[in-house]
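One structure is given here, and the rest of the page talks about it.
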Amino acid sequence: MNRKPLIQRAPLALAVTLALQALAGSAAQAQEAPKAEAARPQTNQLEAVVITAERRVENIKDVPNAVSAISGEKLDVINSSGQDIRALSGRVPSLNIESSFGRAFPRFYLRGYGNTDFRLNASQPVSLIYDEVVQENPILKGFPAFDVKNVEVLAGPQGTLFGRNTPAGVVKFESVKPSKRQDAYFNASFGSQGMVNLEGAANLPVGGDWAVRISAQNQHRGNWVKNELPNAKTPDTEGYDDRAVRIQALYEANQAFSALFNVHNRELKGSPRLFRGSVIKPGTNELVDGFDPAKMVIDGTNEQRLHSTGASLRLKWALDGVTLHSISAIETVQPFSRGDVDGGYRYHNPFSGDPKTPPYPTQGEATWQMDTSDALMGHRQLTQEFRLESQAAGPMRWQGGLYLFDEKYTMRSVDYTAAKPADSIVDTRQTNKAWALFGSVNYELRPDLKLRGGLRYTQDKKDLNTVGKVNDGAGTSASTDDHKVSWDASGTYALDKQTNLYARVATGFRAASIYPASGFGTQSKARPETVTSYEAGVKSEFWNRRARLSANVFAYTVKDQQLTAVGGSGNFNTLLNASKGEGQGFELNLDLIPVDRLMLTMGLSYNDTKIKDPTLYATRPGSNPVMVGTPDASGRYSLYNNPLPNAPKWIANLTARYSIPTAEGNEYFIYTDWAYRSKVNFFLYEAKEFTGKALLEGGLRAGYVWGDGKYEVAGFVRNLTNKVVVNGAIDFDNLTGFINDPRTYGIQFKALF
């Protein structure tokens with residue numbers, strides 16, 4: 001295999017890690033400090049972080065993998081203004097999240113590795129797992145995060161222990177479980193743009209061997225963007241009502257058996273992502289002069305609805321020396337999203353030679369019209385997992401099991417500008433069945449040296465059929481049948497009780513994808529992709545547990561990487577394979593209490609990604625941007641060495657919390673959080689107009705806690721500097737873009753009972 005050694009591929013990353021190893025080693029010596037130092041109050045020490053990244057409860061320091069965790073106040077702050085799951089973007093190293101659908105359809109990228117496909121059957125290389133259940137369809141991945149114990153982000157291939165499409169990594173949510181304690185909380189935020197965010201949960205008194213917990217969230221925002229077009233079909237937009245509820249029941253008669261039932265529902269009514277026609281200044285990536293985020297001019301319809309319901313049953317039996325786990329789940333989702341895709345209005349025929357000046361020049365006139373909707377009908381996802389986990393004493397631990405997946409749905413696309421009703425509706429039915437056998441072993445060679453390894457065999461089949469007026473040059477039906485073995489191997493060496501070094505090699509697999517035929521483009525298919533990743537790092541707790549450090553270097557190669565050519569000169573997607581894609585970089589997390597009552601968290605990552613296929617080209621799109629590079633004789637631009645789309649080289653984050661106690665035992669506090677990502681390419685090619693500017697967003701929160709920590713009131717500001725940039729685009733004909741949310745502010749109250 002033609003592969004440079006890791007030290008050549010990531011020299012800067014390796015240097016950083018070696019320096020941090022030295023820091024960790026010297027910090028470990030500080031553990032010999034006087035015993036008086038160790039007697040400091042626990043409130044001035046970092047809490048232990050316990051995760052389940054490898055399906056077992058472990059301290060984050062002992063897991064030989066790049067894992068970041070978000071919990072507690074950090075989650076509360078991110079959710080305070082009613083933002084959806086995209087608010088997690090940039091909050092840990094190497095994580096980017098974006099969407100062209102708004103709240104309904106997040107797209108995840110880890111280490112620059114993701115998928116820009118906006119179709120409802122899109123496959124993503126980052127898997128989202130909610131309460132141990134894979135959420136495969138991209139619409140399912142948008143379920144709100146409320147009453148959550150923690151969020152774990154596992155970077156790099158996770159192809160052994162987790163159930164679906166994890167070559168880039170996993171984002172894992174775990175809800176707070178029911179308890180027999182009679183406790184509850186209520187959290188309310190009110191703010192600008194008519195924002196109301198209500199959240200609460202309670203353990204209900206049922207007695208006996210049962211515990212029941214009900215959790216709910218209700219998020220509202222007013223339609224704060226006004227349509228200046230007279231008699232518009234959509235007079236204003238960008239508001240939403242997003243409601244979700246979860247009911248859990250836990251049965252524990254004894255330690256030999258437990259059952260956890262989970263039923264959840266989401267109802268969303270609001271606006272899809274607002275496309276804003278001709279808002280990018282030609283020749284730059286700036287917004288046009290006079291741009292006002294609170295105004296738009298569209299002549300189409302913007303509306304979005306979503307209904308989802310799911311249930312799971314998690315059973316656990318403690319047998320002789322082993323524990324048997326069973327996870328059965330069903331997920332259903334019915335989304336409908338209709339949008340004015342051209343993002344503008346038709347003032348007159350721009351090709352008639354008539355020199356009329358559009359009345360709304362800052363929003364731009366649409367040279368073409370596109371008003372479409374997409375929906376899922378009859379969606380149903382069934383999953384079943386059986387997993388055996390060893391419990392016997394000794395140096396070896398193991399786990400293994402069987403995973404089953406069965407999904408079906410019909411996608412319906414409607415073109416409201418079609419000349420005839422018979423040409424407007426296209427239905428595509430897709431079924432996907434898969435199964436996998438997996439196992440992993442942990443072995444302690446010595447107290448300071450532990451090895452882990454895992455293996456998984458996956459079989460995946462898809463069938464797709466399209467009916468309607470489509471461009472059927474490549475057919476209207478297709479099938480795939482893929483199988484693959486993926487594996488990982490890692491080792492952990494303990495320098496001392498506080499510091500671990502680790503190394504990991506892992507592979508991953510994503511099954512073939514199919515893009516259905518439409519009225520604008522032909523059916524396309526992408527072959528399965530595989531990834532091989534190398535990673536080495538250090539994890540340490542030091543300075544009397546006032547500091548926690550993790551750092552790593554990594555490099556990966558994707559073979560037959562699935563890419564999506566979005567837009568271009570027509571309104572369609574095309575799936576394709578790059579013979580090779582590459583990424584390398586480093587990641588760093590640091591939690592620190594430098595002085596009493598001041599808590600800092602910092603994260604940093606560098607990701608250098610490249611498309612390594614000299615046969616891939618792109619043509620200049622209809623919006624005529626300023627392309628980067630030199631075209632060939634056919635006017636095509638090479639994609640070779642271009643970065644992957646939506647893959648920022650740098651991601652950084654910082655939080656700081658300072659508390660001021662009162663004589664009565666209460667507390668004033670101030671909290672600030674910041675997230676940065678460097679510039680990104682929106683598409684596979686490079687163009688000035690479609691290069692997203694670097695973005696730094698910060699928040700500020702100040703408040704008062706009283707009643708022995710039971711009550712809290714705070715004022716907050718999100719996007720403190722009111723930085724507004726284009727963070728996504730459509731390149732069909734006009735320079736259409738969409739933006740991040742402008743500054744919001746409000747007040748929050750939380751009570752524990």
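Chain labels A, B, ... are given in the sequence in which chains occur in the structure tokens; within each chain residues are numbered consecutively from 1, and ligands are likewise numbered from 1 in the order shown.
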Please report, as JSON lines, each residue of region 114-192 of chain A lying at most 8 Å from region 434-438 of chain A, together with the nearest pair of atoms and the separation in Å rounded to one decimal; use only C-alpha atoms, and order rows by chain and ascending residue number.
```
{"residue": "A:Thr160", "atom": "CA", "partner": "A:Phe438", "partner_atom": "CA", "distance": 6.2}
{"residue": "A:Leu161", "atom": "CA", "partner": "A:Phe438", "partner_atom": "CA", "distance": 6.7}
{"residue": "A:Gly163", "atom": "CA", "partner": "A:Ala436", "partner_atom": "CA", "distance": 7.7}
```
I need the residues from that last selection saved to file as a PDB file, in the first residue's frame (with C-alpha atoms), if you can.
```pdb
ATOM      1  CA  THR A 160     -16.748  -3.121  15.273  1.00  0.00           C
ATOM      2  CA  LEU A 161     -19.212  -2.446  18.081  1.00  0.00           C
ATOM      3  CA  GLY A 163     -24.493  -1.044  14.077  1.00  0.00           C
TER       4      GLY A 163
END
```
Between region 453-567 of chain A and region 576-591 of chain A, at 8 Å or less, what are the per-residue closest atom pairs and their distances in Å? Count only C-alpha atoms, order by chain and rising residue number, and return it as a Markdown table.
```
| residue | atom | partner | partner_atom | distance |
| --- | --- | --- | --- | --- |
| A:Ser524 | CA | A:Leu576 | CA | 7.7 |
| A:Lys525 | CA | A:Leu576 | CA | 6.9 |
| A:Ala526 | CA | A:Leu576 | CA | 5.3 |
| A:Arg527 | CA | A:Asn577 | CA | 6.8 |
| A:Arg546 | CA | A:Asp591 | CA | 8.0 |
| A:Ala547 | CA | A:Asp591 | CA | 5.6 |
| A:Arg548 | CA | A:Asp591 | CA | 5.1 |
| A:Leu549 | CA | A:Leu590 | CA | 4.7 |
| A:Ser550 | CA | A:Asn589 | CA | 5.2 |
| A:Ala551 | CA | A:Leu588 | CA | 4.3 |
| A:Asn552 | CA | A:Glu587 | CA | 5.4 |
| A:Val553 | CA | A:Phe586 | CA | 4.2 |
| A:Phe554 | CA | A:Gln584 | CA | 5.5 |
| A:Ala555 | CA | A:Gln584 | CA | 4.1 |
| A:Tyr556 | CA | A:Gly583 | CA | 5.3 |
| A:Thr557 | CA | A:Glu582 | CA | 4.6 |
| A:Val558 | CA | A:Gly581 | CA | 4.9 |
| A:Lys559 | CA | A:Lys580 | CA | 4.7 |
| A:Asp560 | CA | A:Ser579 | CA | 4.5 |
| A:Gln561 | CA | A:Ala578 | CA | 5.1 |
| A:Gln562 | CA | A:Asn577 | CA | 4.7 |
| A:Leu563 | CA | A:Leu576 | CA | 5.4 |
| A:Thr564 | CA | A:Leu576 | CA | 6.3 |
| A:Ala565 | CA | A:Leu576 | CA | 7.4 |
```
Expected file contents, prior selection, N, CA and C atoms, as a CSV table (one decimal), in the first residue's frame:
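Below you can see selection.csv, which holds the result:
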```csv
chain,number,residue,atom,x,y,z
A,524,SER,N,-28.1,7.4,-10.1
A,524,SER,CA,-26.7,7.2,-10.0
A,524,SER,C,-26.4,6.3,-8.8
A,525,LYS,N,-25.3,5.7,-8.8
A,525,LYS,CA,-24.9,4.7,-7.7
A,525,LYS,C,-23.5,4.9,-7.3
A,526,ALA,N,-23.2,4.8,-6.0
A,526,ALA,CA,-21.8,4.8,-5.5
A,526,ALA,C,-21.5,3.5,-4.9
A,527,ARG,N,-20.3,3.0,-5.2
A,527,ARG,CA,-19.8,1.7,-4.7
A,527,ARG,C,-19.6,1.8,-3.2
A,546,ARG,N,-7.0,18.8,39.0
A,546,ARG,CA,-7.5,20.1,38.5
A,546,ARG,C,-7.3,20.3,37.0
A,547,ALA,N,-6.7,19.3,36.4
A,547,ALA,CA,-6.5,19.4,34.9
A,547,ALA,C,-6.6,18.0,34.3
A,548,ARG,N,-7.2,18.0,33.1
A,548,ARG,CA,-7.4,16.8,32.4
A,548,ARG,C,-7.0,17.0,30.9
A,549,LEU,N,-6.2,16.2,30.4
A,549,LEU,CA,-5.7,16.4,29.0
A,549,LEU,C,-5.9,15.2,28.2
A,550,SER,N,-6.3,15.4,26.9
A,550,SER,CA,-6.3,14.3,25.9
A,550,SER,C,-5.8,14.9,24.6
A,551,ALA,N,-4.9,14.2,23.9
A,551,ALA,CA,-4.4,14.7,22.7
A,551,ALA,C,-4.0,13.5,21.8
A,552,ASN,N,-4.2,13.7,20.5
A,552,ASN,CA,-3.9,12.6,19.6
A,552,ASN,C,-3.5,13.2,18.2
A,553,VAL,N,-2.8,12.3,17.5
A,553,VAL,CA,-2.6,12.5,16.0
A,553,VAL,C,-3.3,11.4,15.3
A,554,PHE,N,-3.7,11.7,14.0
A,554,PHE,CA,-4.4,10.6,13.3
A,554,PHE,C,-4.1,10.8,11.8
A,555,ALA,N,-4.3,9.8,11.0
A,555,ALA,CA,-4.3,9.8,9.6
A,555,ALA,C,-5.2,8.7,9.1
A,556,TYR,N,-5.9,9.0,8.0
A,556,TYR,CA,-6.8,8.0,7.5
A,556,TYR,C,-6.8,8.1,6.0
A,557,THR,N,-7.2,6.9,5.3
A,557,THR,CA,-7.3,6.8,3.9
A,557,THR,C,-8.7,6.2,3.6
A,558,VAL,N,-9.5,6.8,2.8
A,558,VAL,CA,-10.7,6.2,2.4
A,558,VAL,C,-10.6,5.7,0.9
A,559,LYS,N,-10.9,4.4,0.7
A,559,LYS,CA,-10.9,3.8,-0.6
A,559,LYS,C,-12.3,3.9,-1.2
A,560,ASP,N,-12.4,4.3,-2.4
A,560,ASP,CA,-13.7,4.4,-3.1
A,560,ASP,C,-14.6,5.3,-2.3
A,561,GLN,N,-14.1,6.5,-1.9
A,561,GLN,CA,-15.0,7.4,-1.1
A,561,GLN,C,-16.2,7.9,-1.8
A,562,GLN,N,-17.3,7.7,-1.2
A,562,GLN,CA,-18.6,8.2,-1.8
A,562,GLN,C,-18.7,9.7,-1.6
A,563,LEU,N,-18.9,10.4,-2.8
A,563,LEU,CA,-19.0,11.8,-2.8
A,563,LEU,C,-20.3,12.2,-3.5
A,564,THR,N,-20.8,13.4,-3.3
A,564,THR,CA,-22.0,13.8,-3.9
A,564,THR,C,-21.7,15.1,-4.6
A,565,ALA,N,-21.9,15.1,-5.9
A,565,ALA,CA,-21.8,16.4,-6.7
A,565,ALA,C,-23.1,17.1,-6.7
```
Which one of A:Asp632, A:Glu331, A:Glu541, A:Asp131 sits closest to Ile593 (chain A) if you count only C-alpha atoms?
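Distance minimum relative to Ile593 (chain A) lands on A:Glu541.
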Using only C-alpha atoms, find the one residue out of A:Ser179, A:Asn227, A:Ser638, A:Ser278 that sits nearest to Asn624 (chain A).
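For Asn624 (chain A), the nearest of the given residues is A:Ser278.
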Among region 712-751 of chain A, which residues carry a DSSP assignment of strand (DSSP E or B), reported as an MDAnalysis selection string?
chainID A and resid 712:718 726:730 736:739 744:751
Keeping C-alpha atoms for every residue in the selection just given, could you write it to a file as an mmCIF file, in the first residue's frame?
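Ended up saving to result-v2.cif:
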```
data_model
loop_
_atom_site.group_PDB
_atom_site.id
_atom_site.type_symbol
_atom_site.label_atom_id
_atom_site.label_comp_id
_atom_site.auth_asym_id
_atom_site.auth_seq_id
_atom_site.Cartn_x
_atom_site.Cartn_y
_atom_site.Cartn_z
ATOM 1 C CA GLU A 712 -31.040 29.510 39.000
ATOM 2 C CA VAL A 713 -31.821 32.617 36.972
ATOM 3 C CA ALA A 714 -29.587 33.918 34.184
ATOM 4 C CA GLY A 715 -29.475 36.316 31.280
ATOM 5 C CA PHE A 716 -27.831 35.163 28.065
ATOM 6 C CA VAL A 717 -26.695 36.280 24.640
ATOM 7 C CA ARG A 718 -25.974 33.904 21.755
ATOM 8 C CA VAL A 726 -23.063 32.626 4.324
ATOM 9 C CA ASN A 727 -22.749 29.103 5.712
ATOM 10 C CA GLY A 728 -24.261 27.177 2.803
ATOM 11 C CA ALA A 729 -25.217 27.744 -0.813
ATOM 12 C CA ILE A 730 -26.992 26.555 -3.953
ATOM 13 C CA THR A 736 -28.125 31.717 -3.594
ATOM 14 C CA GLY A 737 -27.010 31.227 -0.003
ATOM 15 C CA PHE A 738 -28.244 30.702 3.521
ATOM 16 C CA ILE A 739 -26.896 32.186 6.720
ATOM 17 C CA THR A 744 -30.296 36.379 20.100
ATOM 18 C CA TYR A 745 -30.704 37.184 23.777
ATOM 19 C CA GLY A 746 -33.005 36.311 26.635
ATOM 20 C CA ILE A 747 -33.493 35.177 30.210
ATOM 21 C CA GLN A 748 -33.496 31.661 31.639
ATOM 22 C CA PHE A 749 -34.888 30.157 34.855
ATOM 23 C CA LYS A 750 -34.205 26.650 36.155
ATOM 24 C CA ALA A 751 -35.570 24.887 39.213
#
```
Trp487 (chain A) environment, 12 Å, only C-alpha atoms, sequence neighbours closer than 2 positions dropped, as a PyMOL selection string:
chain A and resi 157-162+167+437-441+452-458+484-485+489-490+504-509+530-533
Considering only C-alpha atoms, tabulate each residue of region 279-364 of chain A that lies at most 12 Å from region 113-127 of chain A along with its nearest interatomic pair and the corresponding distance in Å to one decimal; arrange the rows by chain and ascending residue number and present them as JSON lines.
```
{"residue": "A:Val333", "atom": "CA", "partner": "A:Leu120", "partner_atom": "CA", "distance": 11.2}
{"residue": "A:Gln334", "atom": "CA", "partner": "A:Leu120", "partner_atom": "CA", "distance": 10.9}
{"residue": "A:Pro335", "atom": "CA", "partner": "A:Leu120", "partner_atom": "CA", "distance": 9.4}
{"residue": "A:Phe336", "atom": "CA", "partner": "A:Leu120", "partner_atom": "CA", "distance": 10.5}
{"residue": "A:Ser337", "atom": "CA", "partner": "A:Leu120", "partner_atom": "CA", "distance": 10.7}
```
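Once region 253-267 of chain A and its same-chain neighbours fewer than 2 positions away are set aside, Asp209, Asp242, Arg243, Ala244, Val245, Arg246, Ile247, Gln248, Ala249, Leu250, Tyr251, Leu306, His307, Ser308, Thr309, Gly310, Ala311, Ser312, Leu313, Arg314, Leu315, Lys316, Trp317 and Ala318 of chain A remain within 6 Å of it when counting only C-alpha atoms.
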Just to be explicit: take each residue in the selection above, keep C-alpha atoms, and write the result as a PDB file, in the first residue's frame.
```pdb
ATOM      1  CA  ASP A 209     -39.861  -2.613  41.260  1.00  0.00           C
ATOM      2  CA  ASP A 242     -40.818  21.974  17.915  1.00  0.00           C
ATOM      3  CA  ARG A 243     -42.257  19.662  20.575  1.00  0.00           C
ATOM      4  CA  ALA A 244     -40.833  16.387  21.846  1.00  0.00           C
ATOM      5  CA  VAL A 245     -41.639  13.982  24.677  1.00  0.00           C
ATOM      6  CA  ARG A 246     -40.004  10.841  26.059  1.00  0.00           C
ATOM      7  CA  ILE A 247     -41.497   8.360  28.534  1.00  0.00           C
ATOM      8  CA  GLN A 248     -39.269   5.697  30.089  1.00  0.00           C
ATOM      9  CA  ALA A 249     -40.181   2.872  32.435  1.00  0.00           C
ATOM     10  CA  LEU A 250     -37.510   0.849  34.224  1.00  0.00           C
ATOM     11  CA  TYR A 251     -38.188  -2.510  35.847  1.00  0.00           C
ATOM     12  CA  LEU A 306     -42.427  16.504  10.781  1.00  0.00           C
ATOM     13  CA  HIS A 307     -43.949  13.716  12.845  1.00  0.00           C
ATOM     14  CA  SER A 308     -41.791  10.995  14.364  1.00  0.00           C
ATOM     15  CA  THR A 309     -42.528   8.267  16.883  1.00  0.00           C
ATOM     16  CA  GLY A 310     -40.300   5.511  18.146  1.00  0.00           C
ATOM     17  CA  ALA A 311     -40.017   2.926  20.892  1.00  0.00           C
ATOM     18  CA  SER A 312     -37.339   0.641  22.266  1.00  0.00           C
ATOM     19  CA  LEU A 313     -37.011  -2.154  24.797  1.00  0.00           C
ATOM     20  CA  ARG A 314     -33.629  -2.771  26.425  1.00  0.00           C
ATOM     21  CA  LEU A 315     -33.399  -6.033  28.371  1.00  0.00           C
ATOM     22  CA  LYS A 316     -30.492  -7.229  30.486  1.00  0.00           C
ATOM     23  CA  TRP A 317     -29.992 -10.654  32.085  1.00  0.00           C
ATOM     24  CA  ALA A 318     -27.119 -11.401  34.472  1.00  0.00           C
TER      25      ALA A 318
END
```
